[in-house]
Amino acid sequence: MKNLFQLIQSALDGKPKDFTSGNLNTAIFLLAVPLVIEMLMEASFALVDVYFVGKVSKEAVATVGLTESVVTLVYALGVGVSGAVAAMVAQRVGAKKFKEASLVGIQSILLVCFIALLIGIPGFLFAEDILRLMGASDGIVEQGLVYTQIIFVSNGVILFLFIINGMLRGAGDAAWSMRVLLISNGLNIILDPLFIFGYGPIPAMGVEGAAIATSIGRGTGVLFQFYILFKGKSTIKLSIKQFKLVRSILERLLKISSGGVAQYIIGSASWIILMRIIAEFGDAVIAGYTIAVRVIIFCILPSWGISNAAAALVGQNLGAEKPHRAETAVIRSAILNVSYLLIVTVILYFKGPAIITIFEQNDLTVQEYGLSALSILSLGYVFFGLGLILSQAFNGAGDTLTPTYVNLFCFWVVELALAYTLSFSFDWKEQGVFWAVVISESLLSLIFIVLFRKGAWKNKRA
């Protein structure tokens, strides 16, 4: 027990560590603990918003669901670029090329500034059109338009959080990325009820108050990220003098990012279309589905933490020319991830009603649809956890194209066709969407098992 506490303390102390040597189980633990906490904090943004917004109206919850389904495209950019940044930084840190790792970080920051403007301006101007395109009713548009506009305008802070935390993870400084999310989420939890319901001089702003609280929380986290990088707290140390375009590094970053962004856009676009299909069955279904998905994501994100640990270990050990150690790290991480999600599946399947009522106490119809979604989607957890680890192994190696092709086939060819066919042709309605997700995720995992065993990914370099 004493050794366990010492390991946890070491995992959270924020001190630079070398993950290319020593006990591999210890390395996985030291990286995974802060990353799991970080992912839980990221998931809490959505859960906290839904919890408080759920006390406003079902239209408010539906607004959050529809907006977030579109903003997943922003998340796709953030996750895709951050994966490329993490892989490039990890391999350079593994090779002890710290100056080059810092230059990768600079190019990613410059790239975010450009992307944020590209998304923010049209997102703000066409927010109403986006909501209506997603099937929003007049009530949803009336209550949620400003919420959607704020979320799009503040997309830059979302991108910075993802990409700089990816930089820190790649460097092995997972404890710092965890602290960033602790600060951001802590502020969001405090500010959400203040801005949504009002207190003292602060007026009640309803659902748009949730957007303001989230933006302030994330913005504060970004400021802390820059403090870490410029004050030399991380393995990567930045300075104003480094802020210049380095064409060779930027081109390499864009090349690797393109595959990473594409694979997540494929996944995100499929979720948007699934939400559009769900919208055909009414606001209550949208609200129930939104609650269930937030619970699902909250439980899955620790798996993202473990998979990000695996990706960092793959990158650093390939950079140090230790492919066998990288492969072993992936296998052990997969075992850990599947074990965790098996436990979660059992809990969600049998305790679903109690969990759903935490977020919706009044509308029995919303509860019914939320429970249906939660029960079915949770059945695909174990396969999802396995596929997530294996896909991140490819990303950590810098091979972002292979996961892109697999995602394209499983999500666009299989998932969307199944969702439409089961929902309308077989008249399964919203349950057709739920089962389509489970089947496609399971197929994706089986494909990745075959590709991982072939071992070509071990020869890739970022």
# chains A, B, ... in the order shown; residues from 1 in each chain; ligands from 1
call {"tool": "residues_around", "arguments": {"residues": "Ile449 of chain A", "least_positions_apart": "4", "cutoff": "9 Å", "atoms": "only C-alpha atoms", "output": "count of residues only"}}
result
7
call {"tool": "residues_around", "arguments": {"residues": "Val53 of chain A", "least_positions_apart": "4", "cutoff": "8 Å", "atoms": "only C-alpha atoms", "output": "list in words"}}
result
Asp49, Ser57, Ala60, Val61, Ile196, Gly206, Val207 and Ala210 of chain A
call {"tool": "write_last_selection", "arguments": {"atoms": "N, CA, C and O atoms", "output": "short mmCIF file (atom, residue, chain, number, x, y, z; two decimals), in the first residue's frame"}}
result
data_model
loop_
_atom_site.label_atom_id
_atom_site.label_comp_id
_atom_site.auth_asym_id
_atom_site.auth_seq_id
_atom_site.Cartn_x
_atom_site.Cartn_y
_atom_site.Cartn_z
N ASP A 49 -22.75 20.53 -17.43
CA ASP A 49 -23.66 21.37 -18.22
C ASP A 49 -25.04 20.73 -18.35
O ASP A 49 -26.07 21.38 -18.15
N SER A 57 -35.04 23.10 -19.00
CA SER A 57 -36.09 22.52 -19.85
C SER A 57 -35.48 21.44 -20.73
O SER A 57 -34.26 21.38 -20.91
N ALA A 60 -33.67 22.98 -23.59
CA ALA A 60 -32.31 23.42 -23.27
C ALA A 60 -31.34 22.26 -23.37
O ALA A 60 -30.22 22.40 -23.90
N VAL A 61 -31.74 21.08 -22.87
CA VAL A 61 -30.88 19.89 -22.97
C VAL A 61 -30.68 19.52 -24.43
O VAL A 61 -29.57 19.19 -24.86
N ILE A 196 -26.34 30.15 -14.96
CA ILE A 196 -27.59 29.56 -15.46
C ILE A 196 -28.80 30.06 -14.66
O ILE A 196 -29.81 30.48 -15.23
N GLY A 206 -29.99 31.16 -18.14
CA GLY A 206 -30.44 29.91 -18.73
C GLY A 206 -29.31 29.16 -19.42
O GLY A 206 -28.17 29.16 -18.97
N VAL A 207 -29.63 28.54 -20.56
CA VAL A 207 -28.67 27.68 -21.23
C VAL A 207 -27.45 28.45 -21.72
O VAL A 207 -26.33 27.92 -21.76
N ALA A 210 -24.55 28.49 -19.37
CA ALA A 210 -23.68 27.31 -19.38
C ALA A 210 -22.53 27.50 -20.36
O ALA A 210 -21.39 27.11 -20.08
#
call {"tool": "closest_residue", "arguments": {"among": "A:Ile389, A:Leu111, A:Val344, A:Ile216", "to": "Ala329 of chain A", "atoms": "only C-alpha atoms"}}
result
A:Ile389
call {"tool": "residues_around", "arguments": {"residues": "Val74 of chain A", "least_positions_apart": "3", "cutoff": "12 Å", "atoms": "only C-alpha atoms", "output": "ChimeraX atom specification"}}
result
/A:67-71,77-81,112,115-120,123,151-163,261-262,264-265,268-269
call {"tool": "decode", "arguments": {"residues": "segment 46-134 of chain A", "atoms": "C-alpha atoms", "output": "PDB file, in the first residue's frame"}}
result
ATOM      1  CA  ALA A  46     -20.478  18.050 -20.602  1.00  0.00           C
ATOM      2  CA  LEU A  47     -21.994  16.232 -17.632  1.00  0.00           C
ATOM      3  CA  VAL A  48     -22.078  19.327 -15.425  1.00  0.00           C
ATOM      4  CA  ASP A  49     -23.659  21.372 -18.224  1.00  0.00           C
ATOM      5  CA  VAL A  50     -26.341  18.737 -18.855  1.00  0.00           C
ATOM      6  CA  TYR A  51     -27.030  18.357 -15.115  1.00  0.00           C
ATOM      7  CA  PHE A  52     -27.736  22.064 -14.566  1.00  0.00           C
ATOM      8  CA  VAL A  53     -29.294  22.725 -17.978  1.00  0.00           C
ATOM      9  CA  GLY A  54     -31.617  19.774 -17.355  1.00  0.00           C
ATOM     10  CA  LYS A  55     -33.244  21.861 -14.626  1.00  0.00           C
ATOM     11  CA  VAL A  56     -34.158  24.519 -17.204  1.00  0.00           C
ATOM     12  CA  SER A  57     -36.086  22.519 -19.849  1.00  0.00           C
ATOM     13  CA  LYS A  58     -35.848  19.576 -22.216  1.00  0.00           C
ATOM     14  CA  GLU A  59     -35.385  22.094 -25.063  1.00  0.00           C
ATOM     15  CA  ALA A  60     -32.313  23.419 -23.266  1.00  0.00           C
ATOM     16  CA  VAL A  61     -30.885  19.894 -22.973  1.00  0.00           C
ATOM     17  CA  ALA A  62     -31.652  19.258 -26.641  1.00  0.00           C
ATOM     18  CA  THR A  63     -29.835  22.513 -27.530  1.00  0.00           C
ATOM     19  CA  VAL A  64     -26.705  21.278 -25.755  1.00  0.00           C
ATOM     20  CA  GLY A  65     -26.984  17.917 -27.530  1.00  0.00           C
ATOM     21  CA  LEU A  66     -27.454  19.362 -31.017  1.00  0.00           C
ATOM     22  CA  THR A  67     -24.734  21.994 -30.585  1.00  0.00           C
ATOM     23  CA  GLU A  68     -22.242  19.547 -29.118  1.00  0.00           C
ATOM     24  CA  SER A  69     -22.871  17.101 -31.955  1.00  0.00           C
ATOM     25  CA  VAL A  70     -21.769  19.799 -34.446  1.00  0.00           C
ATOM     26  CA  VAL A  71     -18.923  21.041 -32.242  1.00  0.00           C
ATOM     27  CA  THR A  72     -17.527  17.507 -32.300  1.00  0.00           C
ATOM     28  CA  LEU A  73     -16.038  18.645 -35.612  1.00  0.00           C
ATOM     29  CA  VAL A  74     -14.005  21.153 -33.599  1.00  0.00           C
ATOM     30  CA  TYR A  75     -13.102  18.370 -31.191  1.00  0.00           C
ATOM     31  CA  ALA A  76     -12.091  16.273 -34.194  1.00  0.00           C
ATOM     32  CA  LEU A  77      -9.653  18.969 -35.297  1.00  0.00           C
ATOM     33  CA  GLY A  78      -8.340  19.326 -31.748  1.00  0.00           C
ATOM     34  CA  VAL A  79      -7.937  15.608 -31.120  1.00  0.00           C
ATOM     35  CA  GLY A  80      -6.500  14.974 -34.592  1.00  0.00           C
ATOM     36  CA  VAL A  81      -3.869  17.702 -34.391  1.00  0.00           C
ATOM     37  CA  SER A  82      -3.101  16.944 -30.735  1.00  0.00           C
ATOM     38  CA  GLY A  83      -2.483  13.289 -31.636  1.00  0.00           C
ATOM     39  CA  ALA A  84       0.016  14.350 -34.301  1.00  0.00           C
ATOM     40  CA  VAL A  85       1.667  16.802 -31.911  1.00  0.00           C
ATOM     41  CA  ALA A  86       1.855  14.153 -29.175  1.00  0.00           C
ATOM     42  CA  ALA A  87       3.427  11.617 -31.567  1.00  0.00           C
ATOM     43  CA  MET A  88       6.016  14.078 -32.919  1.00  0.00           C
ATOM     44  CA  VAL A  89       6.889  15.427 -29.474  1.00  0.00           C
ATOM     45  CA  ALA A  90       7.056  11.929 -27.942  1.00  0.00           C
ATOM     46  CA  GLN A  91       9.448  10.586 -30.555  1.00  0.00           C
ATOM     47  CA  ARG A  92      11.718  13.620 -30.250  1.00  0.00           C
ATOM     48  CA  VAL A  93      11.686  13.469 -26.460  1.00  0.00           C
ATOM     49  CA  GLY A  94      12.410   9.731 -26.677  1.00  0.00           C
ATOM     50  CA  ALA A  95      15.394  10.557 -28.899  1.00  0.00           C
ATOM     51  CA  LYS A  96      16.437  13.356 -26.460  1.00  0.00           C
ATOM     52  CA  LYS A  97      15.889  16.060 -29.111  1.00  0.00           C
ATOM     53  CA  PHE A  98      14.206  18.537 -26.780  1.00  0.00           C
ATOM     54  CA  LYS A  99      14.725  21.671 -28.893  1.00  0.00           C
ATOM     55  CA  GLU A 100      13.023  20.030 -31.875  1.00  0.00           C
ATOM     56  CA  ALA A 101      10.155  18.974 -29.602  1.00  0.00           C
ATOM     57  CA  SER A 102       9.674  22.609 -28.550  1.00  0.00           C
ATOM     58  CA  LEU A 103       9.614  23.752 -32.168  1.00  0.00           C
ATOM     59  CA  VAL A 104       6.845  21.221 -32.886  1.00  0.00           C
ATOM     60  CA  GLY A 105       4.874  22.835 -30.062  1.00  0.00           C
ATOM     61  CA  ILE A 106       5.321  26.321 -31.524  1.00  0.00           C
ATOM     62  CA  GLN A 107       4.065  25.248 -34.949  1.00  0.00           C
ATOM     63  CA  SER A 108       0.982  23.663 -33.379  1.00  0.00           C
ATOM     64  CA  ILE A 109       0.133  26.876 -31.499  1.00  0.00           C
ATOM     65  CA  LEU A 110       0.390  28.943 -34.683  1.00  0.00           C
ATOM     66  CA  LEU A 111      -1.814  26.405 -36.461  1.00  0.00           C
ATOM     67  CA  VAL A 112      -4.500  26.642 -33.754  1.00  0.00           C
ATOM     68  CA  CYS A 113      -4.727  30.428 -34.119  1.00  0.00           C
ATOM     69  CA  PHE A 114      -5.506  30.039 -37.816  1.00  0.00           C
ATOM     70  CA  ILE A 115      -8.053  27.217 -37.330  1.00  0.00           C
ATOM     71  CA  ALA A 116      -9.887  29.080 -34.542  1.00  0.00           C
ATOM     72  CA  LEU A 117     -10.606  32.056 -36.803  1.00  0.00           C
ATOM     73  CA  LEU A 118     -11.611  29.768 -39.659  1.00  0.00           C
ATOM     74  CA  ILE A 119     -14.267  28.067 -37.508  1.00  0.00           C
ATOM     75  CA  GLY A 120     -15.353  30.835 -35.134  1.00  0.00           C
ATOM     76  CA  ILE A 121     -16.529  33.486 -37.590  1.00  0.00           C
ATOM     77  CA  PRO A 122     -18.808  31.359 -39.815  1.00  0.00           C
ATOM     78  CA  GLY A 123     -19.988  29.364 -36.769  1.00  0.00           C
ATOM     79  CA  PHE A 124     -21.221  32.563 -35.109  1.00  0.00           C
ATOM     80  CA  LEU A 125     -22.807  33.991 -38.260  1.00  0.00           C
ATOM     81  CA  PHE A 126     -24.654  30.808 -39.257  1.00  0.00           C
ATOM     82  CA  ALA A 127     -25.499  29.391 -35.810  1.00  0.00           C
ATOM     83  CA  GLU A 128     -29.270  29.432 -36.438  1.00  0.00           C
ATOM     84  CA  ASP A 129     -28.893  27.733 -39.815  1.00  0.00           C
ATOM     85  CA  ILE A 130     -26.715  25.054 -38.209  1.00  0.00           C
ATOM     86  CA  LEU A 131     -29.318  24.329 -35.522  1.00  0.00           C
ATOM     87  CA  ARG A 132     -32.152  24.127 -38.033  1.00  0.00           C
ATOM     88  CA  LEU A 133     -30.068  21.918 -40.317  1.00  0.00           C
ATOM     89  CA  MET A 134     -29.698  19.549 -37.356  1.00  0.00           C
TER      90      MET A 134
END
